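Peer 1: Okay, here's the structure, questions in a sec.
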Amino acid sequence: MTVSAKAADMPTPLVSSDWLADHLSCDDVVVLDASMANVVGREPILYPQPVIIPGAQHIDLEHALCDLSSSVVHAFPRSSDFERVVQALGIDRDHRIVIYDNQGIYSAPRAWWIFNTMGFNQVAVLDGGLPQWLAEGRPVISQESRPNPTAENSHRVELQPPTTGTTSAQCHDDNLCTAQQLQQQLHNPAVAVLDARSSGRFAGTAPEPRAGLRSGHIPGSINLPFAQVLDQHGYLPAEQLAQCFAKLGVVPSQRLVFSCGSGITACIILLAAVVAGYTNVALYDGSWAEWGADKDLPIAGGQHD
């Protein structure tokens, strides 16, 4: 997959809080809060009262932007799922979309990759997310004031929901990798698999958070715990990210496939790779929740039966 060309007037795939503050009032800028209720693999940042960036709309990765008909945890949404959500939010292709989450960098990269996969190229993640925004003393509003046209009680909000959009998805299937495709490429030197889970889970010495999963990792995969590409709330500089991937022995000519527990934090290191200059990247959406549960798939380390 080659990452789409980017709009010249919008930094991608990351934007700074300065950029967003300067463009927050622009009619063509859409801000999306992709925070998730469940945070796995790190100590969550808790808020005494939920707050959001002014004008932000919530996008639900755990239910609305998820294929609930699939047996895979957090399955990538179908094109029809995506279209329904973005149309309800009034999002069109000429919008510039900024996505953030309340953990700094956690679930926003997942939403970014969904939009990228569905053919959007004016989309970026807010580096540092809500924690960075708050640390800089920038304005926020209470969550209760946020419009949410997909919610059952949307008639109660103070702000009017956006006009319904007409966007259709243009899905790039090569942004995703299935278990079958990955198994066929395990011994291909042109493909590298990177796992964003902790070193303990990767080695099989720490328990998996989901019941019924074997411990260990995909044979030949490389461990890159997602915390290693972050600096406090945001990403490391591009030069340091490039060094991080170079130390792992991966090169730009390879196809990089990213995995984690259920396809969320894999997108953190996938985005880090794109920032570092890698373009041939894909997400193994099933990740360990699928691979570790299937006894017909080979594993390395940990529990083999």
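Identifiers in this document derive from the order of the structure tokens: chains are assigned A, B, ..., residues are numbered from 1 separately in each chain, and ligands are numbered from 1 in order of occurrence.
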Would you list the contacts of range 17-32 of chain A as a ChimeraX atom specification, taking every protein, DNA or RNA residue within 7 Å and counting only C-alpha atoms, but skipping same-chain residues closer than 2 positions in sequence?

Peer 2: /A:15,34,55-59,95-100,126,133

Peer 1: Convert the current residue selection to file output with all heavy atoms, as a short mmCIF file (atom, residue, chain, number, x, y, z; two decimals), in the first residue's frame.

Peer 2:
data_model
loop_
_atom_site.label_atom_id
_atom_site.label_comp_id
_atom_site.auth_asym_id
_atom_site.auth_seq_id
_atom_site.Cartn_x
_atom_site.Cartn_y
_atom_site.Cartn_z
N VAL A 15 -0.90 16.49 13.08
CA VAL A 15 -0.97 17.94 13.19
C VAL A 15 -0.66 18.30 14.64
O VAL A 15 -0.94 17.54 15.57
CB VAL A 15 -2.34 18.53 12.79
CG1 VAL A 15 -2.62 18.26 11.34
CG2 VAL A 15 -3.46 18.00 13.67
N ALA A 34 -11.97 10.30 19.11
CA ALA A 34 -12.01 8.84 18.95
C ALA A 34 -11.65 8.10 20.23
O ALA A 34 -11.20 6.96 20.20
CB ALA A 34 -11.07 8.42 17.82
N GLY A 55 -16.29 21.92 19.48
CA GLY A 55 -16.73 21.51 18.16
C GLY A 55 -16.50 20.06 17.82
O GLY A 55 -16.97 19.59 16.78
N ALA A 56 -15.78 19.34 18.67
CA ALA A 56 -15.48 17.94 18.36
C ALA A 56 -16.72 17.06 18.45
O ALA A 56 -17.59 17.26 19.29
CB ALA A 56 -14.41 17.41 19.30
N GLN A 57 -16.78 16.09 17.56
CA GLN A 57 -17.85 15.09 17.57
C GLN A 57 -17.23 13.74 17.91
O GLN A 57 -16.11 13.44 17.51
CB GLN A 57 -18.54 15.03 16.21
CG GLN A 57 -19.16 16.33 15.76
CD GLN A 57 -19.77 16.18 14.39
OE1 GLN A 57 -20.87 15.66 14.24
NE2 GLN A 57 -19.06 16.64 13.37
N HIS A 58 -17.97 12.93 18.64
CA HIS A 58 -17.46 11.63 19.03
C HIS A 58 -17.65 10.63 17.91
O HIS A 58 -18.69 10.62 17.23
CB HIS A 58 -18.19 11.12 20.27
CG HIS A 58 -17.69 9.79 20.74
ND1 HIS A 58 -16.38 9.57 21.10
CD2 HIS A 58 -18.32 8.59 20.89
CE1 HIS A 58 -16.22 8.30 21.47
NE2 HIS A 58 -17.39 7.70 21.34
N ILE A 59 -16.63 9.79 17.71
CA ILE A 59 -16.74 8.70 16.74
C ILE A 59 -16.46 7.41 17.48
O ILE A 59 -15.41 7.26 18.12
CB ILE A 59 -15.81 8.94 15.53
CG1 ILE A 59 -16.16 8.01 14.39
CG2 ILE A 59 -14.35 8.88 15.90
CD1 ILE A 59 -15.66 8.50 13.05
N HIS A 95 -13.61 17.92 3.43
CA HIS A 95 -13.29 18.32 4.80
C HIS A 95 -11.85 17.93 5.14
O HIS A 95 -11.33 16.91 4.68
CB HIS A 95 -14.24 17.65 5.80
CG HIS A 95 -15.58 18.29 5.85
ND1 HIS A 95 -16.76 17.57 5.77
CD2 HIS A 95 -15.95 19.59 5.99
CE1 HIS A 95 -17.79 18.39 5.85
NE2 HIS A 95 -17.33 19.63 5.98
N ARG A 96 -11.24 18.75 6.00
CA ARG A 96 -9.96 18.39 6.61
C ARG A 96 -10.28 17.85 7.99
O ARG A 96 -10.90 18.53 8.81
CB ARG A 96 -9.04 19.62 6.68
CG ARG A 96 -8.61 20.11 5.31
CD ARG A 96 -7.72 21.33 5.40
NE ARG A 96 -8.44 22.52 5.86
CZ ARG A 96 -7.87 23.70 6.09
NH1 ARG A 96 -6.57 23.84 5.92
NH2 ARG A 96 -8.59 24.74 6.48
N ILE A 97 -9.87 16.62 8.25
CA ILE A 97 -10.30 15.90 9.44
C ILE A 97 -9.13 15.74 10.41
O ILE A 97 -8.07 15.24 10.04
CB ILE A 97 -10.86 14.51 9.07
CG1 ILE A 97 -12.03 14.67 8.08
CG2 ILE A 97 -11.31 13.75 10.30
CD1 ILE A 97 -12.43 13.37 7.41
N VAL A 98 -9.34 16.15 11.66
CA VAL A 98 -8.36 15.99 12.71
C VAL A 98 -8.95 15.08 13.78
O VAL A 98 -10.06 15.33 14.28
CB VAL A 98 -7.96 17.34 13.35
CG1 VAL A 98 -6.95 17.12 14.48
CG2 VAL A 98 -7.37 18.27 12.29
N ILE A 99 -8.24 14.02 14.12
CA ILE A 99 -8.72 13.02 15.07
C ILE A 99 -7.83 13.01 16.30
O ILE A 99 -6.60 13.07 16.19
CB ILE A 99 -8.73 11.62 14.43
CG1 ILE A 99 -9.52 11.63 13.11
CG2 ILE A 99 -9.32 10.59 15.39
CD1 ILE A 99 -9.45 10.34 12.33
N TYR A 100 -8.45 12.94 17.48
CA TYR A 100 -7.67 12.88 18.72
C TYR A 100 -8.34 11.91 19.68
O TYR A 100 -9.46 11.44 19.46
CB TYR A 100 -7.55 14.26 19.35
CG TYR A 100 -8.80 14.75 20.05
CD1 TYR A 100 -9.00 14.54 21.42
CD2 TYR A 100 -9.80 15.43 19.35
CE1 TYR A 100 -10.16 14.98 22.06
CE2 TYR A 100 -10.95 15.88 19.98
CZ TYR A 100 -11.12 15.65 21.33
OH TYR A 100 -12.27 16.07 21.96
N LEU A 126 -4.13 14.36 15.92
CA LEU A 126 -3.62 15.46 16.75
C LEU A 126 -2.53 14.90 17.65
O LEU A 126 -2.79 14.10 18.55
CB LEU A 126 -4.75 16.06 17.59
CG LEU A 126 -4.32 17.17 18.57
CD1 LEU A 126 -3.74 18.37 17.82
CD2 LEU A 126 -5.49 17.58 19.44
N TRP A 133 -3.37 19.18 24.65
CA TRP A 133 -4.24 20.35 24.49
C TRP A 133 -4.52 20.99 25.85
O TRP A 133 -4.44 22.21 26.01
CB TRP A 133 -5.53 19.90 23.82
CG TRP A 133 -6.49 20.98 23.43
CD1 TRP A 133 -7.54 21.45 24.18
CD2 TRP A 133 -6.53 21.71 22.20
NE1 TRP A 133 -8.22 22.42 23.50
CE2 TRP A 133 -7.63 22.60 22.27
CE3 TRP A 133 -5.76 21.69 21.05
CZ2 TRP A 133 -7.96 23.46 21.23
CZ3 TRP A 133 -6.09 22.55 20.00
CH2 TRP A 133 -7.17 23.42 20.10
#

Peer 1: Select from range 62-95 of chain A every residue with an atom at most 8 Å from any atom of range 262-267 of chain A, then for each give the shortest pair of atoms and their distance in Å to one decimal, using only C-alpha atoms, rows by chain and rising number, as JSON lines.

Peer 2:
{"residue": "A:Val73", "atom": "CA", "partner": "A:Ser262", "partner_atom": "CA", "distance": 5.9}
{"residue": "A:His74", "atom": "CA", "partner": "A:Ser262", "partner_atom": "CA", "distance": 6.3}
{"residue": "A:Ala75", "atom": "CA", "partner": "A:Gly263", "partner_atom": "CA", "distance": 7.9}

Peer 1: Using N, CA and C atoms, can you write the selected residues to a file as a PDB file, in the first residue's frame?

Peer 2:
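Writing the result to out-v2.pdb gives the following:
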ATOM      1  N   VAL A  73     -12.466  -9.520  17.408  1.00  0.00           N
ATOM      2  CA  VAL A  73     -12.587  -8.398  18.338  1.00  0.00           C
ATOM      3  C   VAL A  73     -12.206  -7.105  17.621  1.00  0.00           C
ATOM      4  N   HIS A  74     -13.027  -6.069  17.780  1.00  0.00           N
ATOM      5  CA  HIS A  74     -12.776  -4.758  17.162  1.00  0.00           C
ATOM      6  C   HIS A  74     -12.570  -4.881  15.658  1.00  0.00           C
ATOM      7  N   ALA A  75     -13.379  -5.704  14.998  1.00  0.00           N
ATOM      8  CA  ALA A  75     -13.208  -5.923  13.563  1.00  0.00           C
ATOM      9  C   ALA A  75     -13.353  -4.626  12.781  1.00  0.00           C
TER      10      ALA A  75
END

Peer 1: I'd like the neighbourhood of Leu182 in chain A as a CSV table (one decimal) with N, CA, C and O atoms, in the first residue's frame, where a residue qualifies if any of its atoms comes within 12 Å (using only C-alpha atoms), though same-chain residues fewer than 2 positions away should be ignored.

Peer 2:
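The file below, result14.csv, is the result:
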chain,number,residue,atom,x,y,z
A,176,LEU,N,-5.2,-3.7,4.6
A,176,LEU,CA,-5.5,-4.7,5.6
A,176,LEU,C,-4.9,-6.0,5.2
A,176,LEU,O,-4.7,-6.3,4.0
A,177,CYS,N,-4.6,-6.8,6.2
A,177,CYS,CA,-4.1,-8.2,6.0
A,177,CYS,C,-4.9,-9.2,6.8
A,177,CYS,O,-5.1,-8.9,8.0
A,178,THR,N,-5.2,-10.3,6.2
A,178,THR,CA,-6.0,-11.3,6.9
A,178,THR,C,-5.0,-12.3,7.5
A,178,THR,O,-3.8,-12.4,7.1
A,179,ALA,N,-5.5,-13.2,8.4
A,179,ALA,CA,-4.7,-14.3,8.9
A,179,ALA,C,-4.1,-15.2,7.8
A,179,ALA,O,-3.0,-15.6,7.9
A,180,GLN,N,-5.0,-15.5,6.9
A,180,GLN,CA,-4.6,-16.4,5.8
A,180,GLN,C,-3.5,-15.8,5.0
A,180,GLN,O,-2.5,-16.5,4.6
A,184,GLN,N,0.6,-17.1,4.8
A,184,GLN,CA,1.3,-17.4,3.5
A,184,GLN,C,2.6,-16.6,3.3
A,184,GLN,O,3.5,-17.0,2.5
A,185,GLN,N,2.8,-15.5,4.1
A,185,GLN,CA,3.9,-14.6,3.9
A,185,GLN,C,4.9,-14.7,5.1
A,185,GLN,O,5.9,-13.9,5.1
A,186,LEU,N,4.7,-15.7,6.0
A,186,LEU,CA,5.6,-15.7,7.2
A,186,LEU,C,7.1,-15.9,6.9
A,186,LEU,O,7.9,-15.4,7.7
A,187,HIS,N,7.4,-16.6,5.8
A,187,HIS,CA,8.8,-16.8,5.5
A,187,HIS,C,9.3,-16.0,4.3
A,187,HIS,O,10.3,-16.3,3.7
A,188,ASN,N,8.5,-14.9,4.0
A,188,ASN,CA,8.9,-14.1,2.9
A,188,ASN,C,9.7,-12.9,3.5
A,188,ASN,O,9.3,-12.1,4.3
A,191,VAL,N,8.5,-9.2,3.7
A,191,VAL,CA,7.4,-8.9,4.6
A,191,VAL,C,8.0,-8.9,6.0
A,191,VAL,O,8.6,-9.9,6.4
A,192,ALA,N,7.7,-7.9,6.8
A,192,ALA,CA,8.0,-7.9,8.2
A,192,ALA,C,6.8,-7.7,9.1
A,192,ALA,O,6.0,-6.8,8.7
A,193,VAL,N,6.6,-8.5,10.1
A,193,VAL,CA,5.5,-8.3,11.0
A,193,VAL,C,5.9,-7.7,12.3
A,193,VAL,O,6.9,-8.2,12.9
A,194,LEU,N,5.3,-6.6,12.7
A,194,LEU,CA,5.6,-5.9,13.9
A,194,LEU,C,4.5,-5.9,14.9
A,194,LEU,O,3.3,-5.7,14.5
A,218,ILE,N,3.4,-14.3,16.7
A,218,ILE,CA,3.4,-14.8,15.4
A,218,ILE,C,4.9,-15.2,15.0
A,218,ILE,O,5.8,-14.3,15.2
A,219,PRO,N,5.1,-16.3,14.5
A,219,PRO,CA,6.5,-16.7,14.2
A,219,PRO,C,7.2,-15.7,13.2
A,219,PRO,O,6.6,-15.3,12.3
A,220,GLY,N,8.4,-15.3,13.6
A,220,GLY,CA,9.2,-14.4,12.8
A,220,GLY,C,8.8,-12.9,13.0
A,220,GLY,O,9.5,-12.0,12.5
A,221,SER,N,7.8,-12.6,13.9
A,221,SER,CA,7.4,-11.2,14.1
A,221,SER,C,8.4,-10.5,15.0
A,221,SER,O,9.2,-11.2,15.7
A,255,ARG,N,7.3,-4.8,3.0
A,255,ARG,CA,5.9,-4.5,3.4
A,255,ARG,C,5.9,-4.8,4.9
A,255,ARG,O,6.2,-5.9,5.3
A,256,LEU,N,5.4,-3.8,5.6
A,256,LEU,CA,5.3,-3.9,7.1
A,256,LEU,C,3.9,-4.2,7.5
A,256,LEU,O,3.0,-3.4,7.1
A,257,VAL,N,3.7,-5.3,8.2
A,257,VAL,CA,2.3,-5.6,8.7
A,257,VAL,C,2.3,-5.5,10.2
A,257,VAL,O,3.2,-6.0,10.9
A,258,PHE,N,1.3,-4.8,10.7
A,258,PHE,CA,1.3,-4.4,12.1
A,258,PHE,C,0.2,-5.2,12.8
A,258,PHE,O,-0.9,-5.3,12.4
A,259,SER,N,0.6,-5.7,14.0
A,259,SER,CA,-0.4,-6.5,14.9
A,259,SER,C,-0.3,-6.0,16.3
A,259,SER,O,0.7,-5.3,16.7
A,282,ALA,N,0.5,-2.2,6.3
A,282,ALA,CA,-0.8,-2.8,6.4
A,282,ALA,C,-1.1,-3.2,7.9
A,282,ALA,O,-0.2,-3.4,8.7
A,283,LEU,N,-2.4,-3.3,8.2
A,283,LEU,CA,-2.8,-3.7,9.5
A,283,LEU,C,-3.3,-5.1,9.5
A,283,LEU,O,-4.2,-5.5,8.6
A,284,TYR,N,-2.8,-6.0,10.4
A,284,TYR,CA,-3.4,-7.3,10.6
A,284,TYR,C,-4.5,-7.1,11.6
A,284,TYR,O,-4.3,-7.0,12.8
A,285,ASP,N,-5.7,-6.9,11.1
A,285,ASP,CA,-6.8,-6.5,11.9
A,285,ASP,C,-7.2,-7.5,13.0
A,285,ASP,O,-7.5,-7.1,14.1
A,286,GLY,N,-7.1,-8.7,12.7
A,286,GLY,CA,-7.5,-9.8,13.7
A,286,GLY,C,-6.5,-9.8,14.9
A,286,GLY,O,-6.9,-10.1,16.0
A,287,SER,N,-5.3,-9.5,14.6
A,287,SER,CA,-4.2,-9.5,15.6
A,287,SER,C,-4.2,-10.7,16.5
A,287,SER,O,-4.7,-11.7,16.1
A,291,TRP,N,-5.3,-14.6,16.1
A,291,TRP,CA,-4.2,-15.6,15.9
A,291,TRP,C,-4.1,-16.5,17.1
A,291,TRP,O,-3.9,-17.7,17.0
A,297,LEU,N,-3.1,-22.1,13.8
A,297,LEU,CA,-2.1,-21.1,13.4
A,297,LEU,C,-0.9,-21.3,14.2
A,297,LEU,O,-1.0,-21.5,15.4
A,298,PRO,N,0.3,-21.2,13.6
A,298,PRO,CA,1.5,-21.5,14.4
A,298,PRO,C,1.9,-20.3,15.3
A,298,PRO,O,1.5,-19.1,15.0

Peer 1: Could you list, as a VMD selection string, every residue within 10 Å of Ala64 in chain A, counting only C-alpha atoms and ignoring same-chain residues fewer than 6 positions away?

Peer 2: chain A and resid 77 81 to 82 84 to 85 150

Peer 1: Using only C-alpha atoms, which of the listed residues (A:Asp195, A:Arg201, A:Arg138, A:Trp288) sits closest to Leu248 in chain A?

Peer 2: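 For Leu248 in chain A, the nearest of the given residues is A:Asp195.
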